[in-house]
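Participant: Below is one structure. I have some questions about it.
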Amino acid sequence: MSEFDPGRFEEEAHERWIHAFESNPSNLEKFYLTVAYPYPSGAMHVGHGRTYIVPDVIARFWRMKGRQVLYPMAFHVTGAPVIGISKRIAKKDEKTIRLYRDLYKVPQNVLDEFVDPLAIVRHFAGEYQRVMTACGLSIDWRRRFTTVDPTYSKFIEWQWKHLYEAGHVTKGAHPVRYCTVDDNPVGDHDLLEGDKAEVVRFTLVMFRFGDAFIPTATLRPETIHGVTNLWANPTVIYVKALVDGKAWIVSKEAAEKLALQDHTVEIKEEIAGKDLIDKTVSHPLCGEIPLLPAEFVDPDMASGLVMSVPAHAPFDYIALRDLQQAGKYTQIKPIPLIKVEGYGECPAQSAVEKAGIANQMDSRMDALTQEIYSAEFSKGKLFEKYGGKPVRVARDEVAALMVGKYDSTIMYEFDQRPVICRCGNRVRVKILHDQWFLKYSDPAWKQQVSDHLGDMALVPPEVRTEFDRTVDWLKDWACTRRVGLGTRFPWDTTQLIEPLSDSTIYMAYYTIAHKIREIDSKLLTPEVFDYIFLGKKSEDLPEKRKLDAMRSEFLYWYPYNYRFSAKDLISNHLTFQIFHHVSIFPKDKLPAGMVVFGMGLLNGAKMSSSKGNVFLLEDAVSEFGADTVRMFLMGSAEPWQDFDWRNELVISTKKQIERFYSTIMEMKDAGGEPHDIDKWLVSRLQSHIERTTEALNNFQTRQALQEAYFGIETDLKWYRRRLPENCDGSRELHTLCSIWVRLLSPFIPFTGEHLWKELAGEGLVSFAPWPVADKNLVSPRVELSEELLSRTVEDIESIMKLIQLTPRAITIALAPEWKHDIFRMIAKSADRTTVIKEIMKDDAMKRRGKEATDAARQCTTLIHRLPPQVVAPLAQDPINEHAVFEGAQAFLEHEFGVPVHITDAESGVHVKAATALPFKPAIIIE
Ligand SMILES: [Zn+2]
């Protein structure tokens, strides 16, 4: 017998698969699936592996089901990250060089070329293709492209022309996340930390301090009436700066930020924070107040100084209380100004006291603050002396008053910190002028997206709310950058289209990618793409025959059936692509479905290349074999669940594949006549086929493996036990081998191809027909009988374990007919609480008295425990238990090595026989 040798199986299969998965339109029904194309700036780890293997398993499944399947791949090289990487490599940055040389194992001569950013993406695109191929991905590589190919840029220009004409592209001033080192706006992909941070609009309240202003940022300008003091950090060095010609005192960080937000800033002198303490400031709406010391004030938050409203802000209340408990500033009293139901005179005070909070460090402080803010905003009202208006009205009015009369202005800041760029710099909020935006805020556009989302298949269904929420809150998106790789913005060629904006409809481009290459990109006018994708005819189209071929490819493949991606892309890419599709394509070419993945963990911790917590996919494949990697990734969790890679578990997956291999090799030539038990095995196999198919129809890779691998393996164990002595099994096993190999081939295609050849299967297993369950081979009664037998064997085994003595004989006592009657009545009844009364109305039962009510109660318990698929047939028609056990007598005696007697429970053999129930005989071991 040939050895289990995954390396050899891989070699064999790769040779046979060359060009096999190149897919062209045919008369078959198509299945087109895509996955987010990778940004090839580093080596793939096992987390990436799952992202591409799930769609591959699904692609292989549908291919075997007889569909024309297209699974393409390309490389997304747009943007600034590789430029930063190549700059750092040019500067000989140790950390970067270590990552690329030691973790990603880039040879020195290649690394030397990385001073050119394109060399990085060229190298890793090649690596990605090599490793994806090693994993057995059934990709049509003819359609590979990168997003800096000239033909792709022409396609993007066409896309943007449509977006522009539809009014979705605008220009304006806008606050954006910005890196001053890269001198570029920062996208989600460019962040090391803080990807959840949002830009918030604060009002700066300008307190007069001698000849200068001290600004403090607030989201609640109406609380100015309750300010009792400002907080300044005595350990911080502040600056006095001329801001738009007026003197302000702010933190150094704030001065830097204000300069990014349309202010001229000129720093004049430094002022120690301690020198501000106990000085006085004033504001027309609150009068004179002191500056108090507080080390919790963060110079990197807004202006670096804070106004204190102890009556309504828990942090302020506690900070003041702490000082007062030390005997300082005892003259200051909280000044309430908002009445809100359910809270006392001073809401902050009552909430803090009710929660029993001792100090500012209490972890409940943020939640408490949020609770009070929300309560006051939704149902609070200002006191009559401050105008008596609801907070939600007063807030905007006070802000407008301050801006109009009291020198206030707006400052943008993140709602959480830190926000760190990939380059290591702190990200700031900058107001960009002449910035181009995609108007995702447009309600009409949002509505189009919502309407289409309603028609899409989303897997798992729970992600629908997340998509809805994203559509709802999406704001205008800064869609161009000054630095990076990519397509020039058609109306301003100093700008480039940023990565999340040039990757939204490329799934359509795949359909023509291998053909459009044959046309000179200079000829690719918008009219050409209008013809290919929208069927709009115009004069003088070049290369008409080639265009027609592309048009028919597009019409055949589009729309895609499913798009696969990680769940963290819902808030941008996955939603953006729907916005773009609805704007450009007709209804029948809009995306049909999406499957969203969970995240990958490595030994329980989040995988992260930058933190070095990754296991490279290539290393995994060479250490364990591609099939093992695939089967582990598909079997350890459903695609939308998080999975955890642990080498020790992966090893046991490898053993499972080896077991499968040797079982097939042992069984494939079995040729004996079928026994009774073959009928059972064949019947069970039909339901495994059905359930595996059902699971893969629903993308449940783990469930499918449970059925296809473990379900069949467990059956085979029982089957082999039940075979007569000296018998290896019948010719039915050959059929089972053929089915089993095909069911597992989408998961372990290398072992699958090898075994398929061993089984003398026709062609490649990758294109072999997917097994279909044959209803005529299903024998429910046979399965039920075998279920009774195997349950009884388990019962005998557990009793033997308990009594721990060498038995001389086993007696199986079967329940009498009247208990079967009771069992059936209970199993059939809709109301199990009254059924016992019903049973006891029968005269014969009445005569049995307590014996009958006991049996009814025991049957009820048993019926609860048995699976419904066992109870339902028994309710209709009992099985002949005598025949089952008599037929298995020789088997039982062989199993347990003692004589086995089968008898009626009421034959008086043993008192214990009275416990016999239908489907649960009494077992007496002597
Ligand atoms: Zn940066």
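Scheme for the structure tokens: letters A, B, ... for chains in order shown; per-chain residue numbers from 1; ligand numbers from 1 in order shown.
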Step by step, measure atom-to-atom distances between ligand 1 and each residue using only C-alpha atoms and all ligand atoms, keep those at most 6 Å, then write them as a ChimeraX atom specification.

Facilitator: /A:179,181-182,421-423,425

Participant: Which residues are close to stretch 535-542 of chain A, i.e. within 12 Å by only C-alpha atoms, leaving aside same-chain residues fewer than 3 positions away? Reply as a list in words.

Facilitator: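 My list of contacting residues is Ile516, Glu518, Ile519, Asp520, Ser521, Lys522, Leu523, Leu524, Thr525, Pro526, Glu527, Val528, Phe529, Asp530, Tyr531, Ile532, Arg545, Lys546, Leu547, Asp548, Met550, Arg551, Ser552, Phe554, Leu555, Phe585 and Pro586 of chain A.
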
Participant: When DSSP works through the backbone of this structure, what residues of stretch 631-848 of chain A end up as alpha helix (DSSP H), shown as an MDAnalysis selection string?

Facilitator: chainID A and resid 631:635 647:667 676:697 701:705 712:722 732:744 749:758 780:803 817:828 835:840 843:848

Participant: I'd like to know which of A:Val115, A:Leu99, A:Val82, A:Val449 is closest to A:Asn613, using only C-alpha atoms.

Facilitator: A:Leu99

Participant: Atom CA of A:Gly187 and atom CA of A:Ile53, how far apart in Å?

Facilitator: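 For atom CA of A:Ile53 relative to atom CA of A:Gly187, the distance reads 27.4 Å.
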
Participant: How many Å separate atom CA of A:Trp158 from atom CA of A:Ser503?

Facilitator: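 Between these atoms lies a distance of 13.3 Å.
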
Participant: Closest to A:Val57 among A:Asn184, A:Ser138, A:Thr235, A:Thr511, using only C-alpha atoms?

Facilitator: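 Looking only at the distances to A:Val57, the closest residue turns out to be A:Ser138.
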
Participant: May I ask which of the residues A:Ala813, A:Ile237, A:Ile214, A:Ile338 is the closest one to A:Pro299, counting only C-alpha atoms?

Facilitator: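 Once distances to A:Pro299 are computed over only C-alpha atoms, the minimum belongs to A:Ile237.
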
Participant: Write out as a PyMOL selection string all residues of stretch 208-441 of chain A that DSSP puts in strand (DSSP E or B) for this structure's backbone.

Facilitator: chain A and resi 208-209+212-218+229-232+237-243+246-251+265-272+280-283+287-293+306-308+338-339+381-382+390+409-414+420-421+426+428-438

Participant: Measuring atom to atom with only C-alpha atoms, identify which of A:Ala351, A:Ile505, A:Met800, A:Val871 is nearest to A:His312.

Facilitator: A:Ala351

Participant: Could you check which of A:Lys850, A:Ser308, A:Pro234, A:Ile289 is closest to A:Ile277, using only C-alpha atoms?

Facilitator: A:Pro234

Participant: Which neighbours of A:Val250 fall inside 8 Å, counting only C-alpha atoms, when residues of the same chain fewer than 2 positions from it are skipped, and could you give them as a list in words?

Facilitator: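 With the cut-off at 8 Å, the set is Ile214, Pro215, Tyr238, Val239, Lys240, Ala241, Trp248, Lys252, Ala254, Ala255, Ser303, Gly304 and Leu305 of chain A.
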
Participant: Between A:Leu744, A:Leu320, A:Val596, A:Ala626, which is the closest to A:Phe660 once you count only C-alpha atoms?

Facilitator: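 Checking each candidate against A:Phe660, we get A:Leu744 as the closest.
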
Participant: Please identify all polymer residues within 12 Å of A:Glu713, counting only C-alpha atoms, omitting same-chain residues fewer than 3 positions from it, and present them as a list in words.

Facilitator: Gln656, Ile657, Arg659, Phe660, Tyr661, Thr663, Ile664, Leu681, Arg684, Leu685, His688, Leu705, Gln706, Glu707, Ala708, Tyr709, Phe710, Leu716, Lys717, Trp718, Tyr719, Arg720, Leu736, Cys737 and Trp740 of chain A

Participant: Mind checking which residues fall within 10 Å of stretch 860-863 of chain A, counting only C-alpha atoms, ignoring those fewer than 5 positions away in the same chain, and posting them as a PyMOL selection string?

Facilitator: chain A and resi 822-824+826-827+832-833+835-836+854-855+868+870-872+917-920

Participant: Name all residues at most 12 Å from A:Leu569 (count only C-alpha atoms; drop same-chain ones fewer than 2 positions away) and give them as a PDB file with C-alpha atoms, in the first residue's frame.

Facilitator:
ATOM      1  CA  VAL A  35     -12.793  37.880  -1.847  1.00  0.00           C
ATOM      2  CA  ALA A  36     -11.220  41.201  -0.910  1.00  0.00           C
ATOM      3  CA  ASP A 188      -8.429  53.114   8.570  1.00  0.00           C
ATOM      4  CA  HIS A 189      -5.751  50.989   6.941  1.00  0.00           C
ATOM      5  CA  ASP A 195      -9.399  53.052  14.368  1.00  0.00           C
ATOM      6  CA  VAL A 463     -24.441  41.279  10.288  1.00  0.00           C
ATOM      7  CA  GLU A 466     -24.210  46.338  11.312  1.00  0.00           C
ATOM      8  CA  PHE A 467     -24.573  47.123   7.612  1.00  0.00           C
ATOM      9  CA  THR A 470     -22.953  51.801   8.743  1.00  0.00           C
ATOM     10  CA  LEU A 500     -10.843  52.432  -0.181  1.00  0.00           C
ATOM     11  CA  ARG A 563     -18.280  38.459  -1.796  1.00  0.00           C
ATOM     12  CA  PHE A 564     -16.220  37.255   1.151  1.00  0.00           C
ATOM     13  CA  SER A 565     -14.455  39.514   3.606  1.00  0.00           C
ATOM     14  CA  ALA A 566     -13.476  40.035   7.228  1.00  0.00           C
ATOM     15  CA  LYS A 567     -16.058  41.660   9.476  1.00  0.00           C
ATOM     16  CA  SER A 571     -17.765  49.779   8.298  1.00  0.00           C
ATOM     17  CA  ASN A 572     -15.960  50.748   5.123  1.00  0.00           C
ATOM     18  CA  HIS A 573     -15.157  48.567   2.116  1.00  0.00           C
ATOM     19  CA  LEU A 574     -18.113  46.190   2.157  1.00  0.00           C
ATOM     20  CA  THR A 575     -20.566  49.051   2.456  1.00  0.00           C
ATOM     21  CA  PHE A 576     -18.742  51.397   0.072  1.00  0.00           C
ATOM     22  CA  GLN A 577     -18.858  48.810  -2.694  1.00  0.00           C
ATOM     23  CA  MET A 594     -21.856  38.655   1.119  1.00  0.00           C
ATOM     24  CA  VAL A 595     -20.212  36.355   3.647  1.00  0.00           C
ATOM     25  CA  VAL A 596     -18.474  38.029   6.558  1.00  0.00           C
ATOM     26  CA  PHE A 597     -15.604  36.380   8.462  1.00  0.00           C
ATOM     27  CA  GLY A 598     -14.539  36.373  12.084  1.00  0.00           C
ATOM     28  CA  MET A 599     -10.984  37.102  13.157  1.00  0.00           C
TER      29      MET A 599
END

Participant: Measure the distance from atom CA of A:Pro185 to atom CA of A:Thr34 in Å and round it to one decimal.

Facilitator: 28.8 Å
